[in-house]
$ cat coords-v9.csv   # CSV, C-alpha atoms
chain,number,residue,atom,x,y,z
X,1229,MET,CA,0.0,0.0,0.0
X,1230,HIS,CA,1.4,3.4,-1.0
X,1231,THR,CA,1.9,6.3,1.4
X,1232,ALA,CA,-0.9,8.2,-0.4
X,1233,GLU,CA,-3.4,5.4,0.2
X,1234,LEU,CA,-2.4,5.2,3.9
X,1235,ALA,CA,-2.8,8.9,4.3
X,1236,LEU,CA,-6.3,8.9,2.6
X,1237,SER,CA,-7.3,5.9,4.7
X,1238,PHE,CA,-6.3,7.7,7.9
X,1239,LEU,CA,-8.2,10.8,6.7
X,1240,LEU,CA,-11.3,8.8,6.0
X,1241,ILE,CA,-11.2,7.0,9.4
X,1242,LEU,CA,-10.8,10.4,11.2
X,1243,ILE,CA,-13.7,11.9,9.3
X,1244,ILE,CA,-15.9,8.9,10.0
X,1245,VAL,CA,-15.1,8.9,13.8
X,1246,VAL,CA,-15.6,12.6,14.2
X,1247,SER,CA,-18.7,12.7,12.1
X,1248,VAL,CA,-20.4,9.9,14.0
X,1249,LEU,CA,-19.5,11.1,17.5
X,1250,SER,CA,-20.4,14.8,16.8
X,1251,ASN,CA,-23.7,14.1,15.1
X,1252,VAL,CA,-24.7,11.6,17.7
X,1253,LEU,CA,-23.9,14.3,20.3
X,1254,VAL,CA,-26.1,16.8,18.5
X,1255,LEU,CA,-28.9,14.2,18.4
X,1256,ILE,CA,-28.6,13.6,22.2
X,1257,CYS,CA,-28.7,17.4,22.8
X,1258,PHE,CA,-31.8,17.6,20.7
X,1259,LEU,CA,-33.6,14.9,22.6
X,1260,TYR,CA,-32.4,16.1,26.0
X,1261,ASN,CA,-33.3,19.8,25.6
X,1262,ALA,CA,-37.0,20.7,25.1
X,1263,GLU,CA,-36.2,24.3,24.2
X,1264,ILE,CA,-34.1,23.1,21.2
X,1265,ARG,CA,-36.9,20.9,20.0
X,1266,LYS,CA,-39.4,23.8,20.2
X,1267,GLN,CA,-37.2,26.1,17.9
X,1268,VAL,CA,-37.9,26.1,14.2
X,1269,PRO,CA,-34.1,25.7,13.2
X,1270,GLY,CA,-34.1,22.5,15.3
X,1271,LEU,CA,-36.0,20.8,12.5
X,1272,PHE,CA,-33.4,21.7,9.9
X,1273,ILE,CA,-30.6,20.7,12.2
X,1274,LEU,CA,-32.3,17.4,13.0
X,1275,ASN,CA,-32.7,16.7,9.2
X,1276,LEU,CA,-29.0,17.7,8.6
X,1277,THR,CA,-27.9,15.5,11.5
X,1278,PHE,CA,-29.7,12.4,10.2
X,1279,CYS,CA,-28.3,12.9,6.7
X,1280,ASN,CA,-24.8,13.2,8.0
X,1281,LEU,CA,-25.2,10.1,10.2
X,1282,LEU,CA,-26.6,8.0,7.3
X,1283,LEU,CA,-23.8,9.2,5.0
X,1284,SER,CA,-21.2,8.3,7.7
X,1285,ALA,CA,-22.7,4.8,8.0
X,1286,SER,CA,-23.2,4.0,4.3
X,1287,SER,CA,-20.9,5.8,1.8
X,1288,MET,CA,-17.9,6.6,3.9
X,1289,PRO,CA,-17.1,3.1,5.1
X,1290,LEU,CA,-17.4,1.7,1.5
X,1291,THR,CA,-15.1,4.4,0.2
X,1292,LEU,CA,-12.6,3.4,2.9
X,1293,PHE,CA,-13.0,-0.2,1.9
X,1294,GLY,CA,-12.4,0.8,-1.7
X,1295,VAL,CA,-9.2,2.7,-0.9
X,1296,LEU,CA,-7.8,-0.2,1.3
X,1297,SER,CA,-8.7,-3.1,-1.0
X,1298,ASN,CA,-8.7,-1.4,-4.5
X,1299,ALA,CA,-11.8,-3.5,-5.1
X,1300,HIS,CA,-15.5,-3.2,-5.8
X,1301,PRO,CA,-17.3,-3.0,-2.4
X,1302,GLY,CA,-20.2,-5.5,-2.5
X,1303,GLY,CA,-22.5,-6.4,-5.4
X,1304,HIS,CA,-23.8,-4.3,-8.2
X,1305,VAL,CA,-27.3,-3.8,-6.6
X,1306,PHE,CA,-25.8,-3.0,-3.3
X,1307,CYS,CA,-23.5,-0.4,-4.8
X,1308,GLN,CA,-26.5,1.1,-6.6
X,1309,VAL,CA,-28.4,1.5,-3.4
X,1310,VAL,CA,-25.4,3.1,-1.7
X,1311,GLY,CA,-24.9,5.4,-4.7
X,1312,PHE,CA,-28.6,6.4,-4.5
X,1313,LEU,CA,-28.2,7.2,-0.9
X,1314,ASP,CA,-25.0,9.2,-1.6
X,1315,THR,CA,-26.7,11.4,-4.1
X,1316,PHE,CA,-29.9,11.8,-2.0
X,1317,LEU,CA,-28.1,12.5,1.4
X,1318,THR,CA,-25.6,15.0,-0.1
X,1319,THR,CA,-28.2,17.0,-1.9
X,1320,ASN,CA,-30.5,16.9,1.1
X,1321,SER,CA,-27.8,18.2,3.4
X,1322,MET,CA,-26.9,21.0,1.1
X,1323,LEU,CA,-30.5,22.2,0.9
X,1324,SER,CA,-30.8,21.9,4.7
X,1325,MET,CA,-27.9,24.4,5.0
X,1326,ALA,CA,-29.7,26.7,2.6
X,1327,ALA,CA,-32.8,26.5,4.8
X,1328,LEU,CA,-30.8,27.3,7.9
X,1329,SER,CA,-29.2,30.3,6.3
X,1330,ILE,CA,-32.6,31.7,5.2
X,1331,ASP,CA,-33.9,31.1,8.8
X,1332,ARG,CA,-31.0,33.1,10.3
X,1333,TRP,CA,-31.4,35.8,7.7
X,1334,VAL,CA,-35.1,36.3,8.7
X,1335,ALA,CA,-34.2,36.1,12.4
X,1336,VAL,CA,-31.6,38.9,12.1
X,1337,VAL,CA,-33.2,41.1,9.5
X,1338,PHE,CA,-36.8,40.8,10.7
X,1339,PRO,CA,-36.4,40.0,14.5
X,1340,LEU,CA,-39.8,41.4,15.5
X,1341,SER,CA,-41.8,39.5,12.9
X,1342,TYR,CA,-39.7,36.3,12.9
X,1343,HIS,CA,-42.2,34.1,14.7
X,1344,SER,CA,-45.0,35.1,12.3
X,1345,ARG,CA,-42.8,34.7,9.2
X,1346,ILE,CA,-41.1,31.4,10.2
X,1347,ARG,CA,-43.3,28.8,11.8
X,1348,HIS,CA,-43.1,25.1,12.3
X,1349,ARG,CA,-45.5,24.6,9.4
X,1350,ASP,CA,-43.2,26.6,7.2
X,1351,ALA,CA,-40.2,24.5,8.3
X,1352,VAL,CA,-42.1,21.3,7.5
X,1353,ILE,CA,-42.9,22.6,4.0
X,1354,ALA,CA,-39.3,23.5,3.5
X,1355,LEU,CA,-38.1,20.1,4.6
X,1356,ALA,CA,-40.7,18.4,2.3
X,1357,TYR,CA,-39.3,20.4,-0.6
X,1358,THR,CA,-35.7,19.4,0.2
X,1359,TRP,CA,-36.8,15.7,0.2
X,1360,VAL,CA,-38.7,16.0,-3.0
X,1361,HIS,CA,-35.8,17.9,-4.6
X,1362,SER,CA,-33.2,15.3,-3.5
X,1363,LEU,CA,-35.4,12.3,-4.3
X,1364,SER,CA,-36.1,13.5,-7.8
X,1365,PHE,CA,-32.4,13.6,-8.8
X,1366,SER,CA,-31.6,10.4,-7.0
X,1367,VAL,CA,-34.5,8.5,-8.6
X,1368,VAL,CA,-33.6,9.7,-12.1
X,1369,ALA,CA,-30.0,8.6,-11.7
X,1370,ALA,CA,-31.1,5.2,-10.3
X,1371,CYS,CA,-33.6,4.6,-13.1
X,1372,LEU,CA,-31.1,5.4,-15.8
X,1373,SER,CA,-28.4,3.3,-14.2
X,1374,TRP,CA,-26.2,6.3,-13.5
X,1375,VAL,CA,-25.1,5.1,-10.1
X,1376,GLY,CA,-22.4,2.5,-9.5
X,1377,TYR,CA,-18.8,2.0,-8.5
X,1378,HIS,CA,-16.5,4.8,-9.7
X,1379,GLN,CA,-12.9,3.8,-9.7
X,1380,GLN,CA,-11.5,7.3,-9.5
X,1381,TYR,CA,-13.4,8.1,-6.3
X,1382,ALA,CA,-13.2,4.5,-4.9
X,1383,SER,CA,-16.9,4.9,-4.0
X,1384,CYS,CA,-20.4,4.0,-5.1
X,1385,THR,CA,-21.6,7.3,-6.6
X,1386,LEU,CA,-22.7,8.8,-9.9
X,1387,CYS,CA,-20.8,7.3,-12.9
X,1388,ASN,CA,-20.9,7.9,-16.7
X,1389,GLY,CA,-22.8,5.9,-19.2
X,1390,ARG,CA,-21.0,4.0,-21.9
X,1391,ALA,CA,-22.8,5.1,-25.0
X,1392,VAL,CA,-22.2,8.5,-26.5
X,1393,HIS,CA,-25.8,9.4,-26.3
X,1394,ALA,CA,-25.9,8.3,-22.7
X,1395,LYS,CA,-22.8,10.3,-21.9
X,1396,THR,CA,-24.4,13.5,-23.3
X,1397,GLN,CA,-27.5,12.9,-21.2
X,1398,PHE,CA,-25.3,12.2,-18.2
X,1399,ALA,CA,-23.4,15.4,-18.7
X,1400,MET,CA,-26.7,17.4,-18.9
X,1401,TYR,CA,-27.9,15.7,-15.8
X,1402,THR,CA,-24.6,16.4,-13.9
X,1403,LEU,CA,-24.7,20.1,-14.9
X,1404,VAL,CA,-28.3,20.5,-13.8
X,1405,LEU,CA,-27.7,18.6,-10.6
X,1406,HIS,CA,-24.8,20.7,-9.5
X,1407,SER,CA,-26.4,23.9,-10.7
X,1408,LEU,CA,-29.6,23.3,-8.6
X,1409,THR,CA,-27.7,22.1,-5.5
X,1410,PHE,CA,-24.1,23.4,-5.1
X,1411,LEU,CA,-24.5,26.6,-7.2
X,1412,LEU,CA,-28.0,27.4,-5.8
X,1413,VAL,CA,-27.0,26.8,-2.2
X,1414,SER,CA,-23.8,28.8,-2.6
X,1415,VAL,CA,-25.7,31.8,-3.9
X,1416,VAL,CA,-28.3,31.5,-1.1
X,1417,LEU,CA,-25.5,31.2,1.6
X,1418,CYS,CA,-23.6,34.2,0.2
X,1419,VAL,CA,-26.7,36.4,-0.2
X,1420,THR,CA,-28.3,35.6,3.2
X,1421,TYR,CA,-25.2,35.5,5.4
X,1422,LEU,CA,-23.7,38.7,3.8
X,1423,LYS,CA,-27.0,40.5,4.6
X,1424,VAL,CA,-26.7,39.1,8.1
X,1425,LEU,CA,-23.2,40.4,8.3
X,1426,LYS,CA,-24.3,43.8,7.1
X,1427,VAL,CA,-26.9,44.0,9.8
X,1428,ALA,CA,-24.5,42.8,12.5
X,1429,ARG,CA,-21.9,45.4,11.5
X,1430,PHE,CA,-24.6,48.1,11.6
X,1431,HIS,CA,-25.5,47.1,15.2
X,1432,CYS,CA,-21.8,47.0,16.1
X,1433,LYS,CA,-21.4,50.5,14.8
X,1434,ARG,CA,-24.3,51.7,16.9
X,1435,ILE,CA,-22.9,50.0,20.0
X,1436,ASP,CA,-19.5,51.5,19.2
X,1437,VAL,CA,-21.0,55.0,19.0
X,1438,ILE,CA,-22.7,54.6,22.3
X,1439,THR,CA,-19.6,53.2,23.9
X,1440,MET,CA,-17.4,56.1,22.6
X,1441,GLN,CA,-19.9,58.6,23.9
X,1442,THR,CA,-19.9,57.0,27.3
X,1443,LEU,CA,-16.1,57.0,27.3
X,1444,VAL,CA,-16.0,60.7,26.5
X,1445,LEU,CA,-18.4,61.5,29.3
X,1446,LEU,CA,-16.5,59.4,31.8
X,1447,VAL,CA,-13.4,61.7,32.1
X,1448,ASP,CA,-12.1,60.0,35.2
X,1449,ILE,CA,-12.2,56.5,33.8
X,1450,HIS,CA,-9.0,54.5,34.1
X,1451,PRO,CA,-7.0,54.1,30.8
X,1452,SER,CA,-7.0,50.3,31.2
X,1453,VAL,CA,-10.8,50.3,31.3
X,1454,ARG,CA,-10.9,52.5,28.2
X,1455,GLN,CA,-8.5,50.1,26.4
X,1456,ARG,CA,-10.6,47.1,27.3
X,1457,CYS,CA,-13.7,48.7,25.9
X,1458,LEU,CA,-11.9,49.5,22.6
X,1459,GLU,CA,-10.6,45.9,22.4
X,1460,GLU,CA,-14.1,44.6,23.0
X,1461,GLN,CA,-15.3,46.6,20.1
X,1462,LYS,CA,-12.7,45.1,17.8
X,1463,ARG,CA,-13.5,41.6,19.0
X,1464,ARG,CA,-17.2,42.1,18.4
X,1465,ARG,CA,-16.6,43.1,14.8
X,1466,GLN,CA,-14.2,40.2,14.2
X,1467,ARG,CA,-16.5,37.7,15.8
X,1468,ALA,CA,-19.4,38.5,13.4
X,1469,THR,CA,-17.0,38.3,10.4
X,1470,ARG,CA,-15.5,35.1,11.6
X,1471,LYS,CA,-18.9,33.4,12.0
X,1472,ILE,CA,-20.1,34.3,8.6
X,1473,SER,CA,-16.8,33.3,7.0
X,1474,THR,CA,-17.1,29.9,8.7
X,1475,PHE,CA,-20.6,29.3,7.4
X,1476,ILE,CA,-19.7,30.1,3.8
X,1477,GLY,CA,-16.0,29.0,3.9
X,1478,THR,CA,-16.6,25.4,5.1
X,1479,PHE,CA,-19.3,24.9,2.4
X,1480,VAL,CA,-17.1,26.2,-0.4
X,1481,VAL,CA,-13.9,24.5,0.7
X,1482,CYS,CA,-15.5,21.1,1.3
X,1483,PHE,CA,-17.7,20.8,-1.8
X,1484,SER,CA,-16.1,22.9,-4.5
X,1485,PRO,CA,-13.1,20.6,-5.3
X,1486,TYR,CA,-15.5,17.6,-5.7
X,1487,VAL,CA,-18.1,19.5,-7.8
X,1488,ILE,CA,-15.4,21.1,-10.0
X,1489,THR,CA,-13.8,17.8,-10.5
X,1490,ARG,CA,-17.1,16.1,-11.5
X,1491,ILE,CA,-17.8,18.9,-14.0
X,1492,VAL,CA,-14.2,18.8,-15.5
X,1493,GLU,CA,-14.4,15.0,-15.7
X,1494,LEU,CA,-17.2,15.3,-18.2
X,1495,PHE,CA,-14.9,16.8,-20.8
X,1496,LEU,CA,-11.8,14.6,-20.2
X,1497,THR,CA,-10.9,11.8,-22.5
X,1498,GLU,CA,-8.5,10.1,-20.1
X,1499,PRO,CA,-9.2,9.2,-16.5
X,1500,PHE,CA,-7.6,11.5,-13.9
X,1501,ASN,CA,-5.5,10.6,-10.9
X,1502,PRO,CA,-7.6,8.4,-8.5
X,1503,TYR,CA,-5.8,9.9,-5.4
X,1504,TRP,CA,-7.2,13.3,-6.3
X,1505,GLY,CA,-10.6,11.9,-6.8
X,1506,VAL,CA,-10.6,10.2,-3.3
X,1507,LEU,CA,-9.2,13.4,-1.8
X,1508,CYS,CA,-12.0,15.4,-3.3
X,1509,LYS,CA,-14.6,12.9,-2.1
X,1510,SER,CA,-13.1,12.9,1.4
X,1511,LEU,CA,-13.3,16.7,1.5
X,1512,ALA,CA,-17.0,16.4,0.6
X,1513,TYR,CA,-17.4,13.9,3.4
X,1514,SER,CA,-15.6,16.1,5.9
X,1515,LYS,CA,-18.6,18.6,5.7
X,1516,ALA,CA,-20.6,16.0,7.6
X,1517,ALA,CA,-17.9,16.2,10.4
X,1518,CYS,CA,-17.9,20.0,10.3
X,1519,ASP,CA,-21.6,20.7,10.4
X,1520,PRO,CA,-22.2,19.7,14.0
X,1521,PHE,CA,-19.7,22.3,15.2
X,1522,VAL,CA,-20.6,25.0,12.7
X,1523,TYR,CA,-24.3,24.9,13.3
X,1524,SER,CA,-24.8,23.4,16.7
X,1525,LEU,CA,-22.1,22.4,19.2
X,1526,LEU,CA,-20.3,25.7,19.3
X,1527,ARG,CA,-23.5,27.6,20.1
X,1528,HIS,CA,-24.2,28.6,23.7
X,1529,GLN,CA,-27.4,26.6,24.0
X,1530,TYR,CA,-25.8,23.3,22.9
X,1531,ARG,CA,-22.7,23.8,25.0
X,1532,LYS,CA,-24.9,24.4,28.0
X,1533,THR,CA,-26.9,21.3,27.2
X,1534,CYS,CA,-23.7,19.2,26.9
X,1535,SER,CA,-22.5,20.5,30.3
X,1536,ASP,CA,-25.8,19.7,31.9
X,1537,ILE,CA,-25.7,16.2,30.6
X,1538,ILE,CA,-22.2,15.7,31.8
X,1539,ASN,CA,-23.0,17.2,35.2
X,1540,ARG,CA,-26.0,14.9,35.5
X,1541,LEU,CA,-24.0,11.9,34.6
X,1542,MET,CA,-21.3,12.9,37.1
X,1543,LYS,CA,-23.9,13.5,39.8
X,1544,ARG,CA,-25.4,10.1,39.2
X,1545,SER,CA,-22.0,8.4,39.3
X,1546,SER,CA,-21.1,10.2,42.6
X,1547,LEU,CA,-24.5,9.2,44.1
X,1548,ASN,CA,-24.0,5.6,43.1
X,1549,GLY,CA,-20.5,5.7,44.6
X,1550,SER,CA,-21.7,7.2,47.9
X,1551,ARG,CA,-24.6,4.6,48.1
X,1552,HIS,CA,-22.1,1.8,47.4
X,1553,GLN,CA,-19.8,3.2,50.2
X,1554,GLN,CA,-22.7,3.4,52.6
X,1555,GLN,CA,-23.8,-0.2,51.9
X,1556,ASN,CA,-20.2,-1.4,52.4
X,1557,GLY,CA,-20.1,0.5,55.7
X,1558,LYS,CA,-23.3,-1.1,56.9
X,1559,ILE,CA,-22.0,-4.5,56.0
X,1560,VAL,CA,-18.7,-4.0,57.8
X,1561,ARG,CA,-20.5,-2.6,60.9
X,1562,ALA,CA,-22.9,-5.6,60.9
X,1563,LYS,CA,-20.0,-8.0,60.8
X,1564,GLU,CA,-18.3,-6.2,63.7
X,1565,ILE,CA,-21.5,-6.3,65.8
X,1566,GLY,CA,-21.9,-9.9,65.1
X,1567,LYS,CA,-18.4,-10.6,66.3
X,1568,HIS,CA,-18.1,-8.4,69.4
X,1569,GLY,CA,-21.6,-7.6,70.4
X,1570,ASP,CA,-23.8,-4.5,69.8
X,1571,VAL,CA,-22.9,-0.9,70.3
X,1572,GLU,CA,-23.6,-0.9,74.1
X,1573,GLY,CA,-21.2,-3.7,74.6
X,1574,ARG,CA,-23.7,-6.5,75.3
X,1575,PRO,CA,-22.4,-9.8,74.0
X,1576,LYS,CA,-24.5,-11.6,71.4
X,1577,ASP,CA,-26.8,-14.3,72.6

$ encode --input "coords-v9.csv" --output "structure tokens"
Amino acid sequence: MHTAELALSFLLILIIVVSVLSNVLVLICFLYNAEIRKQVPGLFILNLTFCNLLLSASSMPLTLFGVLSNAHPGGHVFCQVVGFLDTFLTTNSMLSMAALSIDRWVAVVFPLSYHSRIRHRDAVIALAYTWVHSLSFSVVAACLSWVGYHQQYASCTLCNGRAVHAKTQFAMYTLVLHSLTFLLVSVVLCVTYLKVLKVARFHCKRIDVITMQTLVLLVDIHPSVRQRCLEEQKRRRQRATRKISTFIGTFVVCFSPYVITRIVELFLTEPFNPYWGVLCKSLAYSKAACDPFVYSLLRHQYRKTCSDIINRLMKRSSLNGSRHQQQNGKIVRAKEIGKHGDVEGRPKD
């Protein structure tokens, strides 16, 4: 096995482990916290979490098997089913990210009318659309036998037809698929999150003006306090920019190499380097490991829920330990009384 194959195998194992653990943790937080379940974005996050978990359990292990063995994982029908799931889950997760961005845009730009604009019924309709959108492309690919084992990606995914006419149809299908998924979601993410950033910077400027006016009025304020206020202003502006850059950047970095490679592949006459194909596929998989941190676990509500779960488990373990110690103490004391008499010194009968 070459060094590149070992490196790609280690990368895939790392992605699978992180993706499964982080998404399971998000699911536990969702089930534990009633407030998260009541929120409309919780439905989108739940749908995204299930897509990531199914992708981690179906496509990722088979890609790892393909890299390690350089062989077709399973039979033809089994590979078609996995390829169907790969197309469906990837498309569904992308559209869920777009739905989350629209939800946050409405929450920031229209905070007073958010609950009247975005309701659970609207979220269910949006999720129904993501499922219909994803199923339509997956069913078309499966019916036309455009899913199977792709050697360059070492995975069960979309693959070209053999006939020239089929290749033309497959090229049209691939272009439409990526235009209505990756390109559409990229535009939605950029438009919504840049508007959110614009509103956030506007509020930061208002806070900065109020802070500066307060610092001018407070003549006797200590220079260190003034310096801390100015540093807080700078951190506030950087924090908003960093969050928006994370939302857009992770999506573009993880998916763009794979999508660009799939489009360029349509016009190539010779197969490209399979290591590059597996690397692009692994980057696309890594989005499933990033999503729990980008959308959930780094938020205050999820962090507090995780700490509550840990504290509850620690409290239970400490209570069980104290009860066990008390029971052991009672047993030891009963043995001593049985040997030497009761507490008052009377011998046993």

$ residues_around --input "coords-v9.csv" --residues "Ile1264 of chain X" --least-positions-apart "4" --cutoff "10 Å" --atoms "all atoms listed in the file" --output "PyMOL selection string"
chain X and resi 1257-1260+1268-1271+1273+1529-1530+1533

$ residues_near_point --input "coords-v9.csv" --point "(-20.8, 16.3, -9.7)" --cutoff "6 Å" --atoms "only C-alpha atoms" --output "PyMOL selection string"
chain X and resi 1402+1406+1487+1490-1491

$ atom_distance --input "coords-v9.csv" --atom1 "atom CA of Glu1493 of chain X" --atom2 "atom CA of Lys1515 of chain X"
22.1 Å

$ residues_around --input "coords-v9.csv" --residues "Arg1531 of chain X" --least-positions-apart "5" --cutoff "12 Å" --atoms "only C-alpha atoms" --output "NGL selection string"
:X and (1253-1254 or 1257-1258 or 1261 or 1520-1521 or 1523-1526 or 1536-1538)

$ residues_around --input "coords-v9.csv" --residues "Cys1418 of chain X" --least-positions-apart "2" --cutoff "12 Å" --atoms "only C-alpha atoms" --output "list in words"
Met1325, Ala1326, Ser1329, Ile1330, Trp1333, Leu1411, Leu1412, Val1413, Ser1414, Val1415, Val1416, Thr1420, Tyr1421, Leu1422, Lys1423, Val1424, Leu1425, Lys1426, Ile1472, Ser1473, Thr1474, Phe1475, Ile1476, Gly1477, Phe1479 and Val1480 of chain X

$ write_last_selection --input "coords-v9.csv" --atoms "C-alpha atoms" --output "mmCIF file, in the coordinates of the input"
data_model
loop_
_atom_site.group_PDB
_atom_site.id
_atom_site.type_symbol
_atom_site.label_atom_id
_atom_site.label_comp_id
_atom_site.auth_asym_id
_atom_site.auth_seq_id
_atom_site.Cartn_x
_atom_site.Cartn_y
_atom_site.Cartn_z
ATOM 1 C CA MET X 1325 -27.900 24.400 5.000
ATOM 2 C CA ALA X 1326 -29.700 26.700 2.600
ATOM 3 C CA SER X 1329 -29.200 30.300 6.300
ATOM 4 C CA ILE X 1330 -32.600 31.700 5.200
ATOM 5 C CA TRP X 1333 -31.400 35.800 7.700
ATOM 6 C CA LEU X 1411 -24.500 26.600 -7.200
ATOM 7 C CA LEU X 1412 -28.000 27.400 -5.800
ATOM 8 C CA VAL X 1413 -27.000 26.800 -2.200
ATOM 9 C CA SER X 1414 -23.800 28.800 -2.600
ATOM 10 C CA VAL X 1415 -25.700 31.800 -3.900
ATOM 11 C CA VAL X 1416 -28.300 31.500 -1.100
ATOM 12 C CA THR X 1420 -28.300 35.600 3.200
ATOM 13 C CA TYR X 1421 -25.200 35.500 5.400
ATOM 14 C CA LEU X 1422 -23.700 38.700 3.800
ATOM 15 C CA LYS X 1423 -27.000 40.500 4.600
ATOM 16 C CA VAL X 1424 -26.700 39.100 8.100
ATOM 17 C CA LEU X 1425 -23.200 40.400 8.300
ATOM 18 C CA LYS X 1426 -24.300 43.800 7.100
ATOM 19 C CA ILE X 1472 -20.100 34.300 8.600
ATOM 20 C CA SER X 1473 -16.800 33.300 7.000
ATOM 21 C CA THR X 1474 -17.100 29.900 8.700
ATOM 22 C CA PHE X 1475 -20.600 29.300 7.400
ATOM 23 C CA ILE X 1476 -19.700 30.100 3.800
ATOM 24 C CA GLY X 1477 -16.000 29.000 3.900
ATOM 25 C CA PHE X 1479 -19.300 24.900 2.400
ATOM 26 C CA VAL X 1480 -17.100 26.200 -0.400
#

$ closest_residue --input "coords-v9.csv" --among "X:Leu1417, X:Val1492, X:Ala1399, X:Val1375" --to "Leu1328 of chain X" --atoms "only C-alpha atoms"
X:Leu1417

$ closest_atom_pairs --input "coords-v9.csv" --of "segment 1249-1356 of chain X" --to "segment 1496-1508 of chain X" --cutoff "10 Å" --atoms "all atoms listed in the file" --output "CSV"
residue,atom,partner,partner_atom,distance
X:Thr1291,CA,X:Val1506,CA,8.1
X:Leu1292,CA,X:Val1506,CA,9.4
X:Gly1294,CA,X:Val1506,CA,9.7
X:Val1295,CA,X:Val1506,CA,8.0

$ closest_residue --input "coords-v9.csv" --among "X:Val1368, X:Leu1242, X:Ala1351, X:Ala1285" --to "Ala1327 of chain X" --atoms "all atoms listed in the file"
X:Ala1351

$ closest_residue --input "coords-v9.csv" --among "X:Leu1239, X:Leu1355, X:Leu1494, X:Val1245" --to "Asn1388 of chain X" --atoms "all atoms listed in the file"
X:Leu1494

$ residues_around --input "coords-v9.csv" --residues "Tyr1357 of chain X" --least-positions-apart "4" --cutoff "12 Å" --atoms "only C-alpha atoms" --output "VMD selection string"
chain X and resid 1319 to 1320 1323 to 1324 1326 to 1327 1350 to 1353 1361 to 1364

$ decode --input "coords-v9.csv" --residues "segment 1325-1349 of chain X" --atoms "C-alpha atoms" --output "mmCIF file, in the first residue's frame"
data_model
loop_
_atom_site.group_PDB
_atom_site.id
_atom_site.type_symbol
_atom_site.label_atom_id
_atom_site.label_comp_id
_atom_site.auth_asym_id
_atom_site.auth_seq_id
_atom_site.Cartn_x
_atom_site.Cartn_y
_atom_site.Cartn_z
ATOM 1 C CA MET X 1325 -27.866 24.350 4.973
ATOM 2 C CA ALA X 1326 -29.654 26.748 2.632
ATOM 3 C CA ALA X 1327 -32.797 26.509 4.773
ATOM 4 C CA LEU X 1328 -30.776 27.273 7.907
ATOM 5 C CA SER X 1329 -29.221 30.330 6.263
ATOM 6 C CA ILE X 1330 -32.646 31.661 5.238
ATOM 7 C CA ASP X 1331 -33.933 31.091 8.766
ATOM 8 C CA ARG X 1332 -31.038 33.055 10.285
ATOM 9 C CA TRP X 1333 -31.444 35.832 7.730
ATOM 10 C CA VAL X 1334 -35.110 36.269 8.685
ATOM 11 C CA ALA X 1335 -34.247 36.103 12.402
ATOM 12 C CA VAL X 1336 -31.606 38.858 12.118
ATOM 13 C CA VAL X 1337 -33.166 41.146 9.507
ATOM 14 C CA PHE X 1338 -36.769 40.819 10.742
ATOM 15 C CA PRO X 1339 -36.418 40.032 14.465
ATOM 16 C CA LEU X 1340 -39.809 41.423 15.525
ATOM 17 C CA SER X 1341 -41.817 39.492 12.921
ATOM 18 C CA TYR X 1342 -39.665 36.344 12.894
ATOM 19 C CA HIS X 1343 -42.168 34.109 14.706
ATOM 20 C CA SER X 1344 -44.954 35.133 12.350
ATOM 21 C CA ARG X 1345 -42.797 34.679 9.235
ATOM 22 C CA ILE X 1346 -41.111 31.378 10.161
ATOM 23 C CA ARG X 1347 -43.333 28.805 11.841
ATOM 24 C CA HIS X 1348 -43.102 25.056 12.291
ATOM 25 C CA ARG X 1349 -45.520 24.578 9.413
#
